[in-house]
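Trainee: To start, I am sharing the structure in question, which I have written as structure tokens.
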Number of protein chains: 2
Amino acid sequence: MSQTFRHPDILKIAQREGKVTVEGLAEHFGVTLQTIRRDLTELAEANKLERVHGGAILPSGTTNIEYDERRNLNQSSKLAMARACAAQIPEGCSVFLNIGTSTEAVARELLHHRDLMVVTNNMNIANILVDNTDCQIIVTGGALRRSDGGLVGNITIDTIRQFKFDIAVIGCSAMDEDGDLLDFDIHEVGVSQTIIAQSRKCFLVADHSKFSRTAPARIASMRALSTVFTDLPLPRELAERCATWGTQVVLVD
Amino acid sequence: MSQTFRHPDILKIAQREGKVTVEGLAEHFGVTLQTIRRDLTELAEANKLERVHGGAILPSGTTNIEYDERRNLNQSSKLAMARACAAQIPEGCSVFLNIGTSTEAVARELLHHRDLMVVTNNMNIANILVDNTDCQIIVTGGALRRSDGGLVGNITIDTIRQFKFDIAVIGCSAMDEDGDLLDFDIHEVGVSQTIIAQSRKCFLVADHSKFSRTAPARIASMRALSTVFTDLPLPRELAERCATWGTQVVLVD
DNA sequence: TCGTTTATGTTCGCTTTTGCTCGAAATCGA
DNA sequence: TCGATTTCGAGCAAAAGCGAACATAAACGA
């Protein structure tokens with residue numbers, strides 16, 4: 001199969017938009033419709049896209065709608081938080097990336113970091129970082145959770161215990177006023193706790209929607225975190241607690 | 001300015017821009033197009049870049065040409081073998097699926113089996129079986145091998161040891177005349193051996209091309225297998241040995 | 001210093017890509 | 001259901017890009 005500059009770009013656009021049109025791409029690249037059609041035909045032959053009249057869509061199957069919607073939630077601030085977080089991850093270190101859409105955004109920002117060792121219990125993150133050939137990827141074992149591609153359970157915990165990370169990047173479902181991190185899934189809590197225990201530094205990436213929500217399972221106190229990346233100021237009481245604990249808060253946007 | 005000076009620079013530009021053009025680089029370095037072409041050819045041969053008409057792009061880890069080609073090889077008999085193998089896997093049992101294009105084909109045939117517990121060290125298989133909501137998927141941990149999505153290493157072996165499978169489905173790189181299963185990758189051998197040790201029954205899926213090939217690392221003897229699924233009769237001597245060992249041979253097509 | 005190796009420049013057919021045209025197929029609206 | 005419109009893919013010619021071969025210049029080693 002032949003290769004063009006356009007192919008990777010087309011795929012990226014398709015991933016972002018969910019679909020591409022022949023006309024739109026032709027204008028975007030400044031080439032004729034015919035050329036784009038040829039591109040799409042080739043990409044479809046390679047099973048990278050699925051051809052439809054007037055354009056192409058992502059190949060069906062693996063996508064989880066509910067999850068995809070969540071992924072698109074709050075996209076701009078998620079990107080900004082991810083960028084800020086990635087900026088504090090030096091090259092050449094060992095990183096754990098936990099389940100979650102926010103941590104996936106961080107993974108995307110790590111695509112050009114060099115010499116990382118990334119351990120993850122998130123299949124999506126492994127798939128994202130495959131493109132960064134300058135980083136070693138280790139996948140923890142575990143039971144595959146279809147809803148979000150996460151790996152959870154005892155196997156996951158046992159594997160994580162075999163490592164010591166320079167930095168762990170985690171998300172959470174909710175944050176309590178008293179500084180506790182909460183999660184919906186009890187299975188994930190054990191994993192998150194183990195991650196925190198095995199890491200020198202721990203970064204939390206969580207947007208403001210987590211402030212006003214609650215969840216049943218307690219992961220840990222924010223005292224255990226080095227830095228929190230978020231998009232709106234923390235409630236005053238919580239901000240004061242973080243200051244006392246030495247937990248940095250990085251505000252983006 | 002010599003070649004050795006340009007190469008790292010070219011890579012740096014490629015990392016930053018995502019792509020490089022022959023013309024742009026020629027101007028940037030003040031050399032002729034031909035010189036840049038030579039540079040890019042060398043970088044592409046070293047898998048640092050991917051050559052395209054007019055320049056080069058970052059290698060996309062997901063597109064492993066060699067692997068994609070291998071996947072398309074012998075497709076019809078691969079499908080037939082996979083179908084025969086899946087037919088002998090009862091519903092409601094625990095199955096291990098190893099790395100390999102043949103085992104992936106088996107996974108596709110298992111999409112409508114119910115109540116399976118599938119353990120795999122192959123990311124592709126996990127992605128395939130996500131669509132079968134009636135089966136539990138467990139992914140072993142391990143280092144991700146970009147070339148084929150396989151998970152290998154000690155973590156993988158440790159995880160596998162925690163299970164006992166009703167059936168294991170494995171592939172191999174080659175089969176020796178004396179009935180030994182061989183593999184190219186020494187890291188994969190330990191994994192395969194552990195799989196065999198932890199399984200009540202072991203199925204091998206391997207087309208005839210494996211008969212006339214050789215590989216350096218020994219996995220096990222075919223004596224350890226319950227059944228072999230293949231597309232052409234085994235060499236006579238090997239067939240006799242299998243009969244002695246009680247290893248069934250299932251011929252498809 | 002001289003011969004050898006390596007990097008670069010130049011030229012020239014050859015291949016790939018692109019744009020264009022046209023008949024066929026798919027989609028849409030009534 | 002049928003016709004109008006859009007989209008598609010094949011074939012062809014022009015243009016851009018390519019690699020091979022050879023010449024030249026610089027770097028290297030004895």
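Every chain in the structure tokens has a letter given in the order shown (A, B, ...), and although residue numbers restart at 1 in each chain, ligands are simply numbered from 1 in the order shown.
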RMSD over all C-alpha atoms, chain A superposed on chain B in order?

Mentor: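 The C-alpha RMSD comes to 11.5 Å.
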
Trainee: For a quick test of understanding: name the residues of chain B lying within 12 Å of chain D when counting only C-alpha atoms (C1' of nucleotides), and present them as number ranges by chain.

Mentor: B: 1-2, 21-23, 33-38, 41, 51-55

Trainee: Tell me which protein, DNA and RNA residues are within 8 Å of stretch 240-248 of chain A, counting only C-alpha atoms (C1' of nucleotides), leaving out same-chain ones fewer than 3 positions away, and put them as a ChimeraX atom specification.

Mentor: /A:179,222-228,236-237

Trainee: Write to file, as a compact mmCIF listing (two decimals), in the first residue's frame, the residues of the selection just made, with all heavy atoms.

Mentor:
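Okay, part.txt is ready:
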```txt
# COMPACT_ATOMS: atom_id res chain seq x y z
N GLY A 179 -11.72 16.30 51.77
CA GLY A 179 -10.47 15.95 51.11
C GLY A 179 -10.30 14.48 50.80
O GLY A 179 -9.18 14.04 50.53
N MET A 222 -6.67 13.38 50.03
CA MET A 222 -5.85 14.18 49.13
C MET A 222 -4.49 14.48 49.73
O MET A 222 -3.59 14.93 49.05
CB MET A 222 -6.58 15.47 48.78
CG MET A 222 -7.71 15.25 47.80
SD MET A 222 -8.67 16.74 47.51
CE MET A 222 -7.51 17.71 46.58
N ARG A 223 -4.37 14.23 51.01
CA ARG A 223 -3.08 14.40 51.69
C ARG A 223 -1.99 13.54 51.02
O ARG A 223 -0.81 13.90 50.99
CB ARG A 223 -3.23 13.98 53.15
CG ARG A 223 -2.00 14.19 54.02
CD ARG A 223 -2.09 13.29 55.25
NE ARG A 223 -3.18 13.69 56.15
CZ ARG A 223 -2.98 14.39 57.29
NH1 ARG A 223 -1.77 14.75 57.64
NH2 ARG A 223 -4.00 14.69 58.04
N ALA A 224 -2.42 12.43 50.46
CA ALA A 224 -1.46 11.50 49.84
C ALA A 224 -1.01 11.97 48.46
O ALA A 224 -0.10 11.40 47.87
CB ALA A 224 -2.09 10.11 49.72
N LEU A 225 -1.62 13.04 47.96
CA LEU A 225 -1.29 13.50 46.60
C LEU A 225 -0.18 14.53 46.62
O LEU A 225 -0.06 15.32 47.56
CB LEU A 225 -2.52 14.13 45.94
CG LEU A 225 -3.77 13.27 45.84
CD1 LEU A 225 -4.91 14.10 45.27
CD2 LEU A 225 -3.50 12.05 44.99
N SER A 226 0.62 14.56 45.55
CA SER A 226 1.61 15.63 45.41
C SER A 226 0.95 16.84 44.78
O SER A 226 1.14 17.96 45.21
CB SER A 226 2.76 15.17 44.50
OG SER A 226 3.15 13.87 44.82
N THR A 227 0.21 16.60 43.72
CA THR A 227 -0.35 17.72 42.95
C THR A 227 -1.73 17.36 42.43
O THR A 227 -1.98 16.22 42.05
CB THR A 227 0.56 18.06 41.75
OG1 THR A 227 1.91 18.12 42.18
CG2 THR A 227 0.16 19.39 41.12
N VAL A 228 -2.61 18.36 42.41
CA VAL A 228 -3.94 18.21 41.83
C VAL A 228 -4.03 19.12 40.61
O VAL A 228 -3.69 20.31 40.71
CB VAL A 228 -5.03 18.60 42.84
CG1 VAL A 228 -6.41 18.47 42.20
CG2 VAL A 228 -4.93 17.76 44.09
N ARG A 236 -13.09 26.74 49.24
CA ARG A 236 -12.09 27.37 50.10
C ARG A 236 -11.55 26.44 51.18
O ARG A 236 -10.34 26.32 51.37
CB ARG A 236 -12.70 28.63 50.75
CG ARG A 236 -11.64 29.59 51.31
CD ARG A 236 -12.29 30.89 51.73
NE ARG A 236 -13.38 30.65 52.67
CZ ARG A 236 -13.21 30.56 54.00
NH1 ARG A 236 -12.02 30.67 54.51
NH2 ARG A 236 -14.24 30.36 54.79
N GLU A 237 -12.47 25.76 51.83
CA GLU A 237 -12.05 24.88 52.92
C GLU A 237 -11.06 23.82 52.43
O GLU A 237 -10.04 23.53 53.05
CB GLU A 237 -13.29 24.23 53.53
CG GLU A 237 -13.09 23.74 54.96
CD GLU A 237 -14.38 23.13 55.49
OE1 GLU A 237 -15.46 23.40 54.90
OE2 GLU A 237 -14.32 22.36 56.46
```

Trainee: Find the distance between atom CA of A:Phe203 and atom CA of A:Ala143 and write it in Å to one decimal.

Mentor: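 Calculated distance between atom CA of A:Phe203 and atom CA of A:Ala143 is 24.7 Å.
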
Trainee: What are the DSSP alpha helix (DSSP H) residues of stretch 87-202 of chain B, as a ChimeraX atom specification?

Mentor: /B:87,101-109,123-129,154-160,186-197

Trainee: Save out the residues we just selected, N, CA, C and O atoms, as a short mmCIF file (atom, residue, chain, number, x, y, z; two decimals), in the first residue's frame.

Mentor:
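To be explicit, this is the file written out as selection.cif:
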```cif
data_model
loop_
_atom_site.label_atom_id
_atom_site.label_comp_id
_atom_site.auth_asym_id
_atom_site.auth_seq_id
_atom_site.Cartn_x
_atom_site.Cartn_y
_atom_site.Cartn_z
N ALA B 87 -15.13 -25.05 17.27
CA ALA B 87 -16.20 -26.04 17.41
C ALA B 87 -15.90 -27.02 18.54
O ALA B 87 -16.81 -27.61 19.12
N THR B 101 -1.55 -14.85 14.94
CA THR B 101 -2.64 -14.54 14.02
C THR B 101 -3.66 -15.67 13.98
O THR B 101 -4.85 -15.43 13.82
N SER B 102 -3.19 -16.91 14.15
CA SER B 102 -4.12 -18.03 14.11
C SER B 102 -5.05 -18.01 15.32
O SER B 102 -6.25 -18.27 15.21
N THR B 103 -4.50 -17.70 16.47
CA THR B 103 -5.34 -17.66 17.66
C THR B 103 -6.33 -16.49 17.59
O THR B 103 -7.44 -16.59 18.11
N GLU B 104 -5.92 -15.42 16.93
CA GLU B 104 -6.86 -14.31 16.74
C GLU B 104 -8.05 -14.75 15.91
O GLU B 104 -9.20 -14.36 16.18
N ALA B 105 -7.76 -15.56 14.90
CA ALA B 105 -8.86 -16.07 14.08
C ALA B 105 -9.80 -16.92 14.92
O ALA B 105 -11.02 -16.86 14.77
N VAL B 106 -9.24 -17.71 15.83
CA VAL B 106 -10.07 -18.51 16.73
C VAL B 106 -10.95 -17.60 17.58
O VAL B 106 -12.14 -17.85 17.77
N ALA B 107 -10.35 -16.51 18.08
CA ALA B 107 -11.11 -15.58 18.91
C ALA B 107 -12.32 -15.07 18.15
O ALA B 107 -13.42 -14.96 18.70
N ARG B 108 -12.12 -14.78 16.86
CA ARG B 108 -13.25 -14.28 16.06
C ARG B 108 -14.36 -15.31 15.96
O ARG B 108 -15.54 -14.98 15.94
N GLU B 109 -13.96 -16.59 15.93
CA GLU B 109 -14.97 -17.65 15.84
C GLU B 109 -15.65 -17.89 17.19
O GLU B 109 -16.64 -18.62 17.26
N MET B 123 -3.39 -8.36 23.10
CA MET B 123 -4.30 -7.22 23.15
C MET B 123 -5.33 -7.26 22.03
O MET B 123 -6.48 -6.84 22.22
N ASN B 124 -4.94 -7.76 20.87
CA ASN B 124 -5.88 -7.83 19.76
C ASN B 124 -7.05 -8.75 20.10
O ASN B 124 -8.20 -8.47 19.76
N ILE B 125 -6.75 -9.86 20.73
CA ILE B 125 -7.80 -10.80 21.09
C ILE B 125 -8.76 -10.17 22.09
O ILE B 125 -9.98 -10.31 21.98
N ALA B 126 -8.21 -9.44 23.05
CA ALA B 126 -9.08 -8.75 24.00
C ALA B 126 -10.00 -7.79 23.26
O ALA B 126 -11.20 -7.72 23.53
N ASN B 127 -9.44 -7.07 22.28
CA ASN B 127 -10.25 -6.12 21.52
C ASN B 127 -11.32 -6.83 20.69
O ASN B 127 -12.43 -6.32 20.53
N ILE B 128 -10.98 -7.98 20.16
CA ILE B 128 -11.96 -8.73 19.36
C ILE B 128 -13.10 -9.20 20.24
O ILE B 128 -14.28 -9.03 19.92
N LEU B 129 -12.77 -9.79 21.39
CA LEU B 129 -13.80 -10.41 22.21
C LEU B 129 -14.60 -9.42 23.06
O LEU B 129 -15.56 -9.81 23.71
N ASN B 154 8.03 -11.83 32.47
CA ASN B 154 7.79 -12.54 33.73
C ASN B 154 6.41 -12.25 34.31
O ASN B 154 5.78 -13.12 34.90
N ILE B 155 5.98 -11.02 34.15
CA ILE B 155 4.66 -10.66 34.68
C ILE B 155 3.61 -11.55 34.03
O ILE B 155 2.70 -12.06 34.69
N THR B 156 3.76 -11.74 32.74
CA THR B 156 2.81 -12.59 32.01
C THR B 156 2.80 -14.00 32.60
O THR B 156 1.73 -14.56 32.88
N ILE B 157 3.98 -14.54 32.79
CA ILE B 157 4.09 -15.91 33.30
C ILE B 157 3.48 -16.01 34.70
O ILE B 157 2.71 -16.93 35.00
N ASP B 158 3.79 -15.03 35.55
CA ASP B 158 3.26 -15.05 36.92
C ASP B 158 1.74 -15.05 36.92
O ASP B 158 1.10 -15.74 37.72
N THR B 159 1.17 -14.23 36.03
CA THR B 159 -0.28 -14.16 35.98
C THR B 159 -0.89 -15.47 35.53
O THR B 159 -1.86 -15.96 36.10
N ILE B 160 -0.30 -16.06 34.51
CA ILE B 160 -0.84 -17.31 33.96
C ILE B 160 -0.82 -18.41 35.03
O ILE B 160 -1.72 -19.24 35.12
N ILE B 186 12.45 -16.04 22.04
CA ILE B 186 12.75 -16.77 23.26
C ILE B 186 11.86 -16.31 24.43
O ILE B 186 11.50 -17.11 25.29
N HIS B 187 11.45 -15.04 24.41
CA HIS B 187 10.59 -14.54 25.49
C HIS B 187 9.22 -15.19 25.47
O HIS B 187 8.56 -15.32 26.49
N GLU B 188 8.81 -15.56 24.27
CA GLU B 188 7.47 -16.11 24.15
C GLU B 188 7.45 -17.57 24.58
O GLU B 188 6.40 -18.10 24.96
N VAL B 189 8.60 -18.22 24.50
CA VAL B 189 8.67 -19.65 24.81
C VAL B 189 8.26 -19.93 26.25
O VAL B 189 7.44 -20.81 26.53
N GLY B 190 8.82 -19.13 27.16
CA GLY B 190 8.49 -19.32 28.58
C GLY B 190 7.00 -19.18 28.81
O GLY B 190 6.40 -19.96 29.58
N VAL B 191 6.41 -18.22 28.15
CA VAL B 191 4.97 -18.00 28.28
C VAL B 191 4.21 -19.22 27.78
O VAL B 191 3.32 -19.76 28.47
N SER B 192 4.59 -19.69 26.59
CA SER B 192 3.89 -20.84 26.01
C SER B 192 4.02 -22.07 26.90
O SER B 192 3.05 -22.82 27.09
N GLN B 193 5.21 -22.28 27.44
CA GLN B 193 5.41 -23.44 28.30
C GLN B 193 4.52 -23.37 29.54
O GLN B 193 3.92 -24.37 29.96
N THR B 194 4.44 -22.19 30.11
CA THR B 194 3.59 -22.02 31.29
C THR B 194 2.13 -22.28 30.93
O THR B 194 1.40 -22.93 31.69
N ILE B 195 1.72 -21.80 29.77
CA ILE B 195 0.34 -22.02 29.34
C ILE B 195 0.05 -23.52 29.27
O ILE B 195 -0.97 -23.99 29.78
N ILE B 196 0.94 -24.26 28.65
CA ILE B 196 0.73 -25.70 28.50
C ILE B 196 0.65 -26.36 29.87
O ILE B 196 -0.21 -27.21 30.13
N ALA B 197 1.53 -25.94 30.77
CA ALA B 197 1.55 -26.55 32.10
C ALA B 197 0.27 -26.29 32.88
O ALA B 197 -0.13 -27.10 33.72
#
```
